[in-house]
Each structure stands twice: as C-alpha cells, then as structure tokens.
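**Q** The file below is run_33.csv, CSV, C-alpha atoms:
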```csv
chain,number,residue,atom,x,y,z
A,231,MET,CA,-20.3,18.8,-63.5
A,232,ARG,CA,-20.6,15.8,-61.2
A,233,ARG,CA,-17.3,14.4,-62.4
A,234,ARG,CA,-15.6,17.8,-61.8
A,235,THR,CA,-17.1,17.9,-58.3
A,236,ALA,CA,-15.9,14.4,-57.5
A,237,VAL,CA,-12.4,15.2,-58.7
A,238,ALA,CA,-12.3,18.4,-56.6
A,239,LEU,CA,-13.6,16.5,-53.5
A,240,THR,CA,-11.1,13.7,-54.0
A,241,THR,CA,-8.3,16.1,-54.4
A,242,GLY,CA,-9.5,18.0,-51.3
A,243,PHE,CA,-9.7,14.9,-49.2
A,244,VAL,CA,-6.3,13.6,-50.3
A,245,GLY,CA,-4.8,17.1,-49.5
A,246,MET,CA,-6.5,17.0,-46.1
A,247,ALA,CA,-5.2,13.5,-45.4
A,248,LEU,CA,-1.7,14.6,-46.3
A,249,ALA,CA,-1.9,17.6,-44.1
A,250,LEU,CA,-3.2,15.5,-41.2
A,251,SER,CA,-0.4,13.0,-41.6
A,252,LEU,CA,2.1,15.8,-41.4
A,253,LEU,CA,0.5,17.1,-38.2
A,254,VAL,CA,0.6,13.8,-36.4
A,255,PRO,CA,3.3,14.1,-33.7
A,256,SER,CA,6.3,11.9,-34.1
A,257,GLU,CA,6.7,8.7,-32.0
A,258,GLU,CA,9.6,10.4,-30.1
A,259,PHE,CA,7.3,13.3,-29.3
A,260,GLN,CA,4.4,11.1,-28.3
A,261,GLN,CA,6.6,9.1,-25.9
A,262,GLY,CA,8.7,11.9,-24.6
A,263,PRO,CA,8.9,12.8,-20.9
A,264,TYR,CA,6.8,15.5,-19.3
A,265,VAL,CA,9.5,18.2,-18.7
A,266,GLY,CA,9.4,20.5,-15.7
A,267,THR,CA,12.0,23.0,-14.8
A,268,ILE,CA,13.8,23.9,-11.6
A,269,PRO,CA,13.8,27.7,-11.7
A,270,ALA,CA,16.6,28.5,-9.3
A,271,LEU,CA,18.9,27.2,-6.5
A,272,ASP,CA,17.1,26.3,-3.3
A,273,THR,CA,13.7,26.3,-5.0
A,274,ARG,CA,11.7,23.1,-4.8
A,275,ALA,CA,10.3,21.8,-8.1
A,276,ASP,CA,7.7,19.0,-8.4
A,277,SER,CA,7.0,16.5,-11.1
A,278,ARG,CA,4.2,14.0,-10.6
A,279,GLU,CA,6.5,11.3,-9.4
A,280,PHE,CA,9.2,13.2,-7.4
A,281,SER,CA,10.4,16.6,-6.2
A,282,VAL,CA,13.9,18.1,-6.3
A,283,THR,CA,15.6,21.1,-4.7
A,284,VAL,CA,19.1,21.9,-5.9
A,285,THR,CA,21.0,23.3,-3.0
A,286,GLY,CA,24.5,23.7,-4.6
A,287,ALA,CA,26.6,23.1,-7.7
A,288,ARG,CA,30.4,23.3,-8.0
A,289,LEU,CA,33.3,22.0,-9.9
A,290,ALA,CA,36.2,20.1,-8.3
A,291,ASP,CA,39.4,18.4,-9.4
A,292,ARG,CA,39.1,15.8,-6.7
A,293,VAL,CA,36.2,14.5,-4.6
A,294,GLN,CA,36.6,12.9,-1.3
A,295,THR,CA,34.2,10.7,0.7
A,296,PRO,CA,35.0,8.8,3.9
A,297,GLU,CA,35.8,5.7,1.8
A,298,TRP,CA,36.7,6.9,-1.6
A,299,THR,CA,38.9,9.4,-3.3
A,300,GLY,CA,37.8,10.4,-6.8
A,301,THR,CA,40.6,11.7,-9.0
A,302,THR,CA,40.0,12.5,-12.6
A,303,PRO,CA,42.0,13.8,-15.6
A,304,GLY,CA,39.0,16.0,-16.2
A,305,VAL,CA,36.8,17.8,-13.7
A,306,TRP,CA,33.9,16.8,-11.4
A,307,LEU,CA,30.6,18.5,-11.5
A,308,VAL,CA,29.1,18.1,-8.1
A,309,VAL,CA,25.4,18.9,-7.6
A,310,ASP,CA,23.9,18.9,-4.1
A,311,ILE,CA,20.2,18.1,-4.0
A,312,VAL,CA,17.3,17.2,-1.8
A,313,PHE,CA,14.8,14.8,-3.4
A,314,GLU,CA,11.8,12.9,-2.4
A,315,ARG,CA,9.5,10.6,-4.2
A,316,ARG,CA,5.8,11.5,-4.2
A,317,ILE,CA,4.0,8.3,-5.2
A,318,ASP,CA,6.1,5.3,-4.5
A,319,HIS,CA,9.4,4.1,-3.1
A,320,GLY,CA,12.4,4.5,-5.3
A,321,PRO,CA,15.7,6.2,-6.3
A,322,ILE,CA,16.5,9.2,-8.4
A,323,THR,CA,18.7,9.4,-11.4
A,324,GLY,CA,19.7,11.9,-14.0
A,325,ALA,CA,21.8,12.9,-17.0
A,326,PHE,CA,23.8,16.0,-17.9
A,327,ARG,CA,23.7,17.5,-21.3
A,328,ILE,CA,26.0,20.1,-22.9
A,329,GLY,CA,24.6,20.9,-26.4
A,330,ASP,CA,24.2,17.5,-28.1
A,331,VAL,CA,26.5,15.6,-25.8
A,332,GLU,CA,25.0,13.7,-22.9
A,333,TYR,CA,27.1,12.7,-19.8
A,334,LEU,CA,25.8,10.0,-17.5
A,335,LEU,CA,26.1,10.3,-13.7
A,336,SER,CA,29.3,8.7,-12.4
A,337,THR,CA,28.9,5.4,-10.8
A,338,ARG,CA,32.4,5.6,-9.3
A,339,PRO,CA,31.3,7.0,-5.9
A,340,ASP,CA,28.9,4.0,-5.6
A,341,ASP,CA,26.7,4.5,-2.4
A,342,ALA,CA,28.2,7.8,-1.7
A,343,SER,CA,26.2,9.5,-4.4
A,344,ILE,CA,22.5,10.2,-3.9
A,345,ASP,CA,21.6,8.3,-7.1
A,346,GLY,CA,23.5,5.2,-5.9
A,347,GLY,CA,22.8,5.2,-2.1
A,348,ALA,CA,19.4,6.7,-1.5
A,349,SER,CA,15.9,5.4,-2.1
A,350,SER,CA,13.1,7.6,-0.9
A,351,GLN,CA,9.7,6.7,0.4
A,352,PRO,CA,6.8,9.1,-0.5
A,353,GLY,CA,7.2,12.3,1.5
A,354,ILE,CA,10.5,11.3,3.1
A,355,PRO,CA,13.3,13.4,1.5
A,356,TRP,CA,16.9,12.5,1.1
A,357,ALA,CA,19.9,14.9,0.7
A,358,GLY,CA,23.1,14.1,-1.0
A,359,SER,CA,25.3,14.8,-4.1
A,360,MET,CA,25.3,13.8,-7.7
A,361,LEU,CA,28.6,13.5,-9.5
A,362,ILE,CA,29.3,13.9,-13.2
A,363,GLU,CA,32.8,13.4,-14.5
A,364,LEU,CA,33.5,15.8,-17.4
A,365,PRO,CA,36.4,16.3,-19.7
A,366,LEU,CA,38.2,19.6,-19.2
A,367,ALA,CA,37.2,20.6,-22.8
A,368,ALA,CA,33.6,20.5,-21.7
A,369,LEU,CA,34.2,23.7,-19.8
A,370,ASP,CA,35.0,25.5,-23.0
A,371,ASP,CA,32.1,24.2,-25.0
A,372,PRO,CA,30.0,27.0,-26.4
A,373,ASP,CA,26.9,25.5,-24.8
A,374,ALA,CA,28.5,25.1,-21.4
A,375,GLY,CA,26.6,28.2,-20.2
A,376,VAL,CA,23.3,26.6,-20.8
A,377,SER,CA,24.0,23.0,-19.9
A,378,VAL,CA,21.2,21.0,-18.4
A,379,LEU,CA,21.0,18.5,-15.6
A,380,ARG,CA,17.9,16.4,-16.1
A,381,PHE,CA,16.5,14.6,-13.0
A,382,ALA,CA,14.3,11.5,-13.5
A,383,THR,CA,13.2,8.4,-11.6
A,384,GLN,CA,14.6,6.0,-14.2
A,385,SER,CA,17.1,6.0,-16.9
A,386,ASP,CA,14.4,5.7,-19.6
A,387,PRO,CA,12.0,8.4,-18.6
A,388,ARG,CA,9.6,8.1,-21.6
A,389,LEU,CA,6.1,9.2,-20.6
A,390,ASP,CA,7.5,10.0,-17.2
A,391,GLY,CA,8.0,13.3,-15.4
A,392,VAL,CA,11.5,14.8,-15.5
A,393,LEU,CA,12.9,18.0,-14.0
A,394,ASP,CA,15.5,20.2,-15.8
A,395,TYR,CA,18.0,22.4,-14.1
A,396,THR,CA,20.1,24.8,-16.2
A,397,ILE,CA,23.7,25.2,-15.2
A,398,ASP,CA,26.2,27.8,-16.3
A,399,LEU,CA,29.5,25.8,-15.9
A,400,GLY,CA,31.6,28.9,-16.2
A,401,SER,CA,29.8,30.6,-13.3
A,402,LEU,CA,30.5,27.7,-10.8
A,403,ASP,CA,33.2,27.7,-8.1
A,404,HIS,CA,36.1,25.5,-9.1
A,405,GLU,CA,37.8,23.9,-6.1
A,406,SER,CA,40.9,21.6,-6.0
A,407,SER,CA,39.3,19.2,-3.6
A,408,ILE,CA,35.9,18.8,-1.9
A,409,SER,CA,34.4,16.4,0.5
A,410,ILE,CA,30.8,15.2,0.1
A,411,PHE,CA,28.7,13.5,2.7
A,412,GLU,CA,26.9,10.2,2.1
A,413,PRO,CA,23.2,10.5,1.3
A,414,GLU,CA,21.0,10.9,4.3
A,415,ARG,CA,17.3,11.2,5.2
A,416,VAL,CA,16.2,14.7,6.1
A,417,ALA,CA,13.1,15.9,7.9
A,418,PRO,CA,10.2,16.6,5.6
B,154,MET,CA,-33.0,12.6,-55.5
B,155,THR,CA,-30.3,14.8,-53.9
B,156,TRP,CA,-26.7,13.8,-53.3
B,157,LEU,CA,-27.3,13.4,-49.6
B,158,GLN,CA,-30.2,11.1,-50.2
B,159,ARG,CA,-28.3,9.0,-52.7
B,160,ASN,CA,-25.3,8.6,-50.4
B,161,ARG,CA,-27.2,8.4,-47.1
B,162,TRP,CA,-26.2,4.8,-46.3
B,163,ALA,CA,-22.5,5.5,-47.1
B,164,LEU,CA,-22.6,8.6,-44.9
B,165,LEU,CA,-24.4,6.7,-42.1
B,166,ALA,CA,-21.7,4.0,-42.3
B,167,LEU,CA,-19.0,6.7,-41.9
B,168,VAL,CA,-20.8,8.3,-39.0
B,169,VAL,CA,-20.9,4.9,-37.2
B,170,LEU,CA,-17.6,3.4,-38.3
B,171,VAL,CA,-15.3,6.4,-37.8
B,172,PRO,CA,-16.1,6.7,-34.0
B,173,ALA,CA,-16.1,2.9,-33.7
B,174,ALA,CA,-12.5,2.9,-35.2
B,175,ILE,CA,-11.4,5.6,-32.8
B,176,VAL,CA,-12.8,3.7,-29.8
B,177,ALA,CA,-11.3,0.4,-31.0
B,178,ALA,CA,-7.9,2.1,-31.4
B,179,MET,CA,-8.0,3.7,-28.0
B,180,SER,CA,-9.4,0.7,-26.1
B,181,VAL,CA,-6.1,-1.1,-26.4
B,182,ASP,CA,-4.5,1.5,-24.2
B,183,LEU,CA,-7.6,1.7,-22.1
B,184,PHE,CA,-7.5,-2.1,-21.3
B,185,ARG,CA,-3.8,-1.8,-20.6
B,186,TYR,CA,-4.5,1.1,-18.2
B,187,TYR,CA,-7.2,-0.8,-16.3
B,188,GLY,CA,-4.9,-3.8,-16.2
B,189,SER,CA,-2.2,-1.8,-14.5
B,190,LEU,CA,-4.5,-0.5,-11.7
B,191,ALA,CA,-4.1,-1.8,-8.2
B,192,GLN,CA,-5.9,-5.1,-7.4
B,193,HIS,CA,-8.9,-5.1,-5.2
B,194,PRO,CA,-7.9,-7.0,-2.1
B,195,VAL,CA,-10.2,-8.9,0.2
B,196,VAL,CA,-10.9,-6.6,3.2
B,197,VAL,CA,-10.4,-8.2,6.6
B,198,PRO,CA,-11.9,-6.5,9.6
B,199,ALA,CA,-9.5,-5.7,12.5
B,200,GLY,CA,-8.5,-8.7,14.6
B,201,GLU,CA,-10.2,-11.2,12.3
B,202,PRO,CA,-8.2,-13.8,10.2
B,203,GLY,CA,-8.0,-13.4,6.5
B,204,GLU,CA,-7.2,-16.2,4.1
B,205,TYR,CA,-4.1,-15.7,2.0
B,206,THR,CA,-3.2,-17.7,-1.1
B,207,PRO,CA,0.4,-17.3,-2.0
B,208,GLN,CA,2.0,-17.5,-5.4
B,209,PHE,CA,3.7,-20.8,-5.9
B,210,ALA,CA,6.8,-21.7,-7.9
B,211,SER,CA,5.9,-23.2,-11.2
B,212,THR,CA,9.2,-25.2,-11.6
B,213,ASP,CA,11.6,-26.9,-9.3
B,214,ASP,CA,15.3,-26.3,-9.0
B,215,ASN,CA,15.9,-28.5,-12.0
B,216,GLY,CA,13.4,-26.6,-14.1
B,217,ASP,CA,10.9,-29.3,-14.1
B,218,PRO,CA,7.2,-28.2,-13.7
B,219,ILE,CA,5.7,-28.6,-10.2
B,220,GLU,CA,2.3,-30.3,-10.2
B,221,PRO,CA,-0.2,-28.9,-7.7
B,222,PRO,CA,-1.2,-31.3,-4.9
B,223,ALA,CA,-4.3,-33.4,-5.6
B,224,GLY,CA,-6.2,-31.7,-2.8
B,225,GLY,CA,-5.5,-28.2,-4.1
B,226,ARG,CA,-3.1,-25.5,-3.0
B,227,PRO,CA,-2.9,-24.7,0.8
B,228,THR,CA,-3.7,-21.3,2.1
B,229,ALA,CA,-2.4,-19.3,5.1
B,230,THR,CA,-4.4,-17.2,7.5
B,231,MET,CA,-3.3,-13.7,8.6
B,232,THR,CA,-4.6,-11.7,11.5
B,233,LEU,CA,-3.6,-8.1,12.3
B,234,ASP,CA,-2.9,-8.4,16.1
B,235,ASP,CA,-1.6,-4.9,16.6
B,236,TYR,CA,-1.1,-1.7,14.7
B,237,THR,CA,1.0,0.9,16.5
B,238,ILE,CA,1.9,4.4,15.4
B,239,VAL,CA,5.1,5.8,16.9
B,240,ALA,CA,5.6,9.6,17.1
B,241,ALA,CA,9.0,11.0,16.3
B,242,ASP,CA,9.1,12.9,19.5
B,243,SER,CA,8.3,9.9,21.7
B,244,ASP,CA,11.0,8.0,23.6
B,245,THR,CA,10.6,5.1,21.2
B,246,GLY,CA,10.6,7.4,18.2
B,247,ARG,CA,13.9,9.0,19.3
B,248,GLU,CA,15.4,5.6,20.1
B,249,VAL,CA,14.7,4.3,16.6
B,250,GLY,CA,15.9,7.5,14.9
B,251,LEU,CA,12.6,8.9,13.5
B,252,LEU,CA,13.1,12.4,12.0
B,253,PRO,CA,10.8,15.2,12.9
B,254,GLY,CA,7.8,15.3,10.6
B,255,THR,CA,7.8,11.5,10.3
B,256,GLU,CA,6.2,8.7,12.3
B,257,GLY,CA,6.7,4.9,12.5
B,258,VAL,CA,4.0,2.3,11.9
B,259,ALA,CA,4.5,-1.2,13.4
B,260,ALA,CA,2.0,-3.8,12.2
B,261,LEU,CA,2.1,-7.1,14.1
B,262,ILE,CA,0.6,-9.9,11.9
B,263,HIS,CA,0.0,-13.4,13.1
B,264,VAL,CA,0.5,-15.8,10.3
B,265,ASP,CA,-0.6,-19.4,10.3
B,266,ALA,CA,1.1,-21.1,7.4
B,267,ALA,CA,0.9,-24.6,8.9
B,268,GLY,CA,0.8,-27.2,6.0
B,269,MET,CA,2.2,-24.7,3.5
B,270,THR,CA,4.3,-26.3,0.8
B,271,GLU,CA,8.0,-25.4,0.2
B,272,ASP,CA,7.3,-23.9,-3.2
B,273,ALA,CA,5.2,-21.1,-1.7
B,274,TYR,CA,6.7,-17.7,-2.4
B,275,SER,CA,7.0,-15.2,0.5
B,276,CYS,CA,4.6,-12.4,0.9
B,277,ASP,CA,5.1,-8.7,1.6
B,278,ALA,CA,3.2,-5.7,2.9
B,279,VAL,CA,2.6,-2.1,1.8
B,280,LEU,CA,0.9,0.9,3.3
B,281,THR,CA,-1.1,3.1,1.0
B,282,ALA,CA,-2.8,6.4,1.5
B,283,PRO,CA,-4.4,9.0,-0.8
B,284,GLY,CA,-2.1,11.9,-1.9
B,285,PRO,CA,-2.2,14.9,-4.2
B,286,GLU,CA,-1.0,12.9,-7.2
B,287,GLY,CA,-3.1,9.8,-6.5
B,288,GLU,CA,-2.5,6.9,-4.2
B,289,ARG,CA,0.9,6.8,-2.4
B,290,THR,CA,2.6,3.5,-1.5
B,291,TRP,CA,5.1,2.9,1.3
B,292,GLU,CA,7.2,-0.2,1.4
B,293,PRO,CA,8.6,-1.6,4.7
B,294,ALA,CA,11.4,0.5,6.1
B,295,SER,CA,14.9,-0.7,5.6
B,296,SER,CA,16.5,-1.6,8.9
B,297,GLY,CA,19.6,0.5,9.6
B,298,LEU,CA,19.0,2.7,6.6
B,299,GLU,CA,15.6,4.2,7.3
B,300,ILE,CA,15.1,3.1,10.9
B,301,ASP,CA,17.3,1.9,13.7
B,302,TYR,CA,15.1,-1.1,14.6
B,303,SER,CA,14.8,-4.7,13.6
B,304,PRO,CA,12.2,-7.1,15.1
B,305,SER,CA,13.8,-9.7,17.4
B,306,GLY,CA,13.0,-12.5,19.7
B,307,ASP,CA,9.7,-14.2,18.8
B,308,LEU,CA,9.1,-11.7,16.0
B,309,THR,CA,10.2,-12.1,12.4
B,310,SER,CA,10.8,-9.2,10.0
B,311,TYR,CA,9.9,-11.3,6.9
B,312,CYS,CA,6.9,-13.4,5.7
B,313,SER,CA,8.4,-16.7,4.9
B,314,LEU,CA,5.4,-18.9,4.2
B,315,SER,CA,7.4,-21.9,2.9
B,316,GLU,CA,8.6,-22.9,6.4
B,317,GLY,CA,5.0,-24.1,6.9
B,318,SER,CA,4.6,-22.9,10.5
B,319,GLU,CA,2.9,-20.2,12.6
B,320,PHE,CA,4.8,-17.0,13.2
B,321,ASP,CA,4.4,-13.4,14.3
B,322,TRP,CA,5.5,-11.1,11.5
B,323,GLU,CA,6.3,-7.5,12.5
B,324,VAL,CA,6.4,-5.1,9.5
B,325,VAL,CA,7.6,-1.6,10.1
B,326,PHE,CA,7.1,1.5,8.0
B,327,VAL,CA,8.3,5.1,8.2
B,328,VAL,CA,5.8,7.6,6.8
B,329,PRO,CA,5.1,11.3,7.0
B,330,GLU,CA,3.4,12.5,10.2
B,331,GLY,CA,-0.4,11.8,10.1
B,332,VAL,CA,-0.2,9.1,7.4
B,333,GLY,CA,-0.3,6.1,9.8
B,334,GLU,CA,-3.9,6.8,11.0
B,335,ILE,CA,-5.4,7.1,7.5
B,336,ALA,CA,-3.2,4.5,5.8
B,337,THR,CA,-4.3,1.1,4.6
B,338,LEU,CA,-2.3,-2.0,5.2
B,339,SER,CA,-2.2,-4.6,2.4
B,340,ILE,CA,-0.6,-8.0,2.1
B,341,THR,CA,0.9,-8.5,-1.4
B,342,ARG,CA,2.2,-11.3,-3.4
B,343,SER,CA,5.8,-10.5,-4.4
B,344,ASN,CA,5.3,-10.7,-8.1
B,345,PHE,CA,5.6,-7.6,-10.3
B,346,PRO,CA,3.7,-5.4,-10.0
B,347,PRO,CA,2.9,-6.5,-6.4
B,348,GLU,CA,-0.6,-8.0,-6.3
B,349,ARG,CA,-2.6,-7.0,-3.2
B,350,VAL,CA,-4.4,-10.0,-1.8
B,351,LEU,CA,-5.6,-8.9,1.7
B,352,GLN,CA,-6.4,-5.6,3.2
B,353,LEU,CA,-6.0,-5.8,7.0
B,354,ASP,CA,-8.1,-3.1,8.6
B,355,HIS,CA,-6.8,-1.5,11.7
```
In structure tokens, what does this structure look like?

**A**
Amino acid sequence: MRRRTAVALTTGFVGMALALSLLVPSEEFQQGPYVGTIPALDTRADSREFSVTVTGARLADRVQTPEWTGTTPGVWLVVDIVFERRIDHGPITGAFRIGDVEYLLSTRPDDASIDGGASSQPGIPWAGSMLIELPLAALDDPDAGVSVLRFATQSDPRLDGVLDYTIDLGSLDHESSISIFEPERVAP
Amino acid sequence: MTWLQRNRWALLALVVLVPAAIVAAMSVDLFRYYGSLAQHPVVVPAGEPGEYTPQFASTDDNGDPIEPPAGGRPTATMTLDDYTIVAADSDTGREVGLLPGTEGVAALIHVDAAGMTEDAYSCDAVLTAPGPEGERTWEPASSGLEIDYSPSGDLTSYCSLSEGSEFDWEVVFVVPEGVGEIATLSITRSNFPPERVLQLDH
C-alpha cells in the first residue's frame, strides 16, 4: 500500500512539475514590451514613459522639406504626431509592421523627421512627422488594412512601454507630393 | 507514528527552503533595482557652499593609468547664488521664446574649482520633480532648439572643472508651468547613469 501511494505521489508530482514548466511564460513573453493602443486619430494615448497623439496619416510619392526632396520608387507613409516624454528627456522612435514584415522609420529625412530631430523634456511636447518608405507592393498586402505603427522610446523596447496605432493603408489619401515641416515644440 | 510525524523534518525543510529559494532568486533583481535608483545627494542649504568631488579620468591620452596625487583628490565648492523662474508671458519669457504653459528656470551657480586637476570630468545639472509616473527629470535646455538664450559675458553655460578656476555657471531649463517652484536642482557627475552628488536648495 505504501509503495503504491509513493508511486502515485511521485507520478502526481512529476505531472505537476511538467504542467508547471509548460505554464512558465517564454523569455520573449517575459521581456516583451507593455503594449498600449492609440484608439483613434487626434486622441492622446499614454504609456508610462511617453504620450503620443496621431494627428494625420497619408501616403505620398514624394516628400519635400525645406532642405530635402525625398523621391522613392515605392511610396512614403507619412504620419504626423505630437509626442512628449513623461519621465525623462529623450526622443521617440517606432517601427511599422504589415503582417510579419517590419519596416523601420526612414533616416533619409534626417532632422526633418520627428524621430531624428526632436528630443522632448517631460511635459514639453513636440510635433512633427514620421516617414516610412514602403514598396508599392505593400499597399496590396492582405494585411495592409490592419498594419501597425508602433511607437517607442528606443529601438529595443523590451520591458518598456510602447503604443500601437493601427492603420488601414488602403483608406489613406495618396498624394503625388507633400511638404512636411521640421519638428517643433508646441505648447503643453 | 503517522506519515506526517515520520516526515516532519523533511516537510519543515521544504517549508523553510522553498520560500528561501524564491527570495534568493528574486533578490538578484531586487538588488539590481535598488542599484538603479537615484543616488542620495548631499543637500546644501540655499546660498551656502557645497563640496563637490568630480569624477576623474583613470587613464591619460596614451592609455596609461593616472595615479591620484599624494595629498588626495581636490574638490570644488558650488554655491547657488540665484534661482530665477521666468514666466512665458513675461517680457523675458517672450524674448527667449518660451511657449505658453511652460516656464524657464535659470540657476546661477558659483563654482570654485581652484586647484582642480586637468583630469577632472565636467559636471552637469538636472531638475527633478514628482510626477504621476514617479520622479521626472529635466536636463538643461538646448540653446537655439529649446530656448533662444545662451549665457554670455562673465557667465558660462558649462561646468568645466578641469580649468581649475572660479567661474559663474548659469544653467537654464524649460519646464511645464509650475514645476520651477517645486523642482529640486541637483549637480551630477556625467557618468551613466548620472550620479547626483549635490542638491542645491533654492
């Protein structure tokens, strides 16, 4: 009887250990960012470290700044935002995802993009544009209707707050050429 | 003798060791967390000098180690001579381009770095204030980008201790309206993360 009990207990404990090991979250999950969402245009969303308001999104074949002309064989996704840091001084960055494909923000505009030319102090917002250079085929991607622009304070946002804004590429205005202003401070 | 009585020592060991193992596993992160917290600076009352020990270079330009002087490392003294809050709707505020809802803070710090050695690193300053997500930190405003002002004349905009002289250092911040009054001014060593050495009360 005692032997049978011991075998049953051992089997039970081994089973529990296996079940527990399967329940342990993966390292990727444990180190993942805290994801918030931006529900709509012109609606401010807060993460712990920063806030973002998306004020516009459009497509363009060419982007113009006072000092730079951005031509592309693809298409520009231009997203206008207001952002502010909430804890410390620093920039904003992001990445754009269609399905499993991730596009980085373009560094071609240099300081003319908000991720390249703005650094916010807590409570002092900046306004400007983010640019993503996409291949034309991206517009026909089946997931283009639920593509996501993820805002973050650093390129590796593990265990950091991020804010996601869902974009339907097909619904955006597509212009031949647009001008963007350089990032600027705006009143809180 | 029941099963519980026979195994009491093993069960007691489990009761003690399992929580101990959990605490030991978590304490690694706990120590790291406490290590990342802000330093506790020496608080200097308004108008009084505070002693500041800079960080020194450990090697020279050739990569050779620098030996500290026999008499020990020199220190500098810092005194907050003036702390001015500039409203955005004041003449000065408009002149320097402050936006509505913000205010400027100009801290004038007299630094006596006489006798300081050339291998002393420069210092910096930060303003801190409580916020909804914990402590907020402001760095000095970037001239031309965040404010249309740069100290001139007898005032310097940087804390260059290695020159080994006395100087008046004016550090300027742009903060949301109302923050200047409640903010704390700290002098930091410019390592990473910045180490707060002095808190100059205003």

**Q** With only C-alpha atoms as the counted atoms, please give the residues lying no more than 10 Å from segment 366-371 of chain A, apart from itself and same-chain residues fewer than 3 positions off, as a PyMOL selection string.

**A** chain A and resi 291+302-306+328-329+331+363+374-375+377+398-400

**Q** Output as CSV one row per residue of chain A within 9 Å of chain B: the closest atom pair and its distance in Å to one decimal place, counting all atoms listed in the file, sorted by chain and residue number ascending.

**A**
```
residue,atom,partner,partner_atom,distance
A:Arg278,CA,B:Glu286,CA,6.3
A:Glu279,CA,B:Glu286,CA,8.0
A:Arg316,CA,B:Arg289,CA,7.0
A:Ile317,CA,B:Arg289,CA,4.4
A:Asp318,CA,B:Thr290,CA,4.9
A:His319,CA,B:Trp291,CA,6.3
A:Gln351,CA,B:Trp291,CA,6.0
A:Pro352,CA,B:Arg289,CA,6.6
A:Gly353,CA,B:Pro329,CA,6.0
A:Ile354,CA,B:Pro329,CA,6.7
A:Glu414,CA,B:Leu298,CA,8.7
A:Arg415,CA,B:Glu299,CA,7.5
A:Val416,CA,B:Leu252,CA,7.1
A:Ala417,CA,B:Leu252,CA,5.4
A:Pro418,CA,B:Gly254,CA,5.7
```

**Q** Mind pulling up the distance from atom CA of Tyr274 of chain B to atom CA of Asp217 of chain B?

**A** 17.0 Å

**Q** (9.2, 9.9, -23.4) in this file's frame - what residues fall within 8 Å of it? Use all atoms listed in the file and give the answer as a ChimeraX atom specification.

**A** /A:258-264,386-390

**Q** So that I can see what lies close to segment 205-210 of chain B, please list as a list in words the residues with an atom at most 9 Å from it, counting all atoms listed in the file and leaving out residues fewer than 4 positions away in the same chain.

**A**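 Answer for this query is Pro218, Ile219, Arg226, Pro227, Thr228, Ala229, Thr230, Met231, Thr270, Glu271, Asp272, Ala273, Tyr274, Ser275, Cys276, Leu314, Ile340, Thr341, Arg342, Ser343, Asn344, Val350 and Leu351 of chain B.
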
**Q** Using all atoms listed in the file, which protein or nucleic acid residues come within 12 Å of His355 of chain B? Drop anything in the same chain fewer than 5 positions from it, and give the result as an mmCIF file with C-alpha atoms, in the frame of the given file.

**A**
```
data_model
loop_
_atom_site.group_PDB
_atom_site.id
_atom_site.type_symbol
_atom_site.label_atom_id
_atom_site.label_comp_id
_atom_site.auth_asym_id
_atom_site.auth_seq_id
_atom_site.Cartn_x
_atom_site.Cartn_y
_atom_site.Cartn_z
ATOM 1 C CA VAL B 196 -10.900 -6.600 3.200
ATOM 2 C CA VAL B 197 -10.400 -8.200 6.600
ATOM 3 C CA PRO B 198 -11.900 -6.500 9.600
ATOM 4 C CA ALA B 199 -9.500 -5.700 12.500
ATOM 5 C CA GLY B 200 -8.500 -8.700 14.600
ATOM 6 C CA GLU B 201 -10.200 -11.200 12.300
ATOM 7 C CA THR B 232 -4.600 -11.700 11.500
ATOM 8 C CA LEU B 233 -3.600 -8.100 12.300
ATOM 9 C CA ASP B 234 -2.900 -8.400 16.100
ATOM 10 C CA ASP B 235 -1.600 -4.900 16.600
ATOM 11 C CA TYR B 236 -1.100 -1.700 14.700
ATOM 12 C CA THR B 237 1.000 0.900 16.500
ATOM 13 C CA ILE B 238 1.900 4.400 15.400
ATOM 14 C CA VAL B 258 4.000 2.300 11.900
ATOM 15 C CA ALA B 259 4.500 -1.200 13.400
ATOM 16 C CA ALA B 260 2.000 -3.800 12.200
ATOM 17 C CA LEU B 261 2.100 -7.100 14.100
ATOM 18 C CA ILE B 262 0.600 -9.900 11.900
ATOM 19 C CA LEU B 280 0.900 0.900 3.300
ATOM 20 C CA GLY B 333 -0.300 6.100 9.800
ATOM 21 C CA GLU B 334 -3.900 6.800 11.000
ATOM 22 C CA ILE B 335 -5.400 7.100 7.500
ATOM 23 C CA ALA B 336 -3.200 4.500 5.800
ATOM 24 C CA THR B 337 -4.300 1.100 4.600
ATOM 25 C CA LEU B 338 -2.300 -2.000 5.200
ATOM 26 C CA SER B 339 -2.200 -4.600 2.400
#
```

**Q** Restricting the calculation to all atoms listed in the file, which member of A:Val312, A:Leu250, A:Ile268, A:Ala382 is positioned closest to Tyr395 of chain A?

**A**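 The answer is A:Ile268, which sits nearest to Tyr395 of chain A.
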
**Q** Kindly give the distance, in Å, that separates atom CA of Glu257 of chain A and atom CA of Val282 of chain A, rounded to a single decimal.

**A**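 It comes out at 28.3 Å.
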
**Q** Please compute the atom CA of Ala342 of chain A-atom CA of Ala275 of chain A distance, one decimal, in Å.

**A**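 Separating atom CA of Ala342 of chain A from atom CA of Ala275 of chain A is a distance of 23.6 Å.
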
**Q** Looking at all atoms listed in the file, which of A:Arg274, A:Arg233, A:Arg288, A:Arg327 is the one that sits closest to Val308 of chain A?

**A**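 Looking only at the distances to Val308 of chain A, the closest residue turns out to be A:Arg288.
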
**Q** Between B:Val249, B:Gly317, B:Gln352, B:Leu165, which is the closest to Gly297 of chain B once you count all atoms listed in the file?

**A**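 Once distances to Gly297 of chain B are computed over all atoms listed in the file, the minimum belongs to B:Val249.
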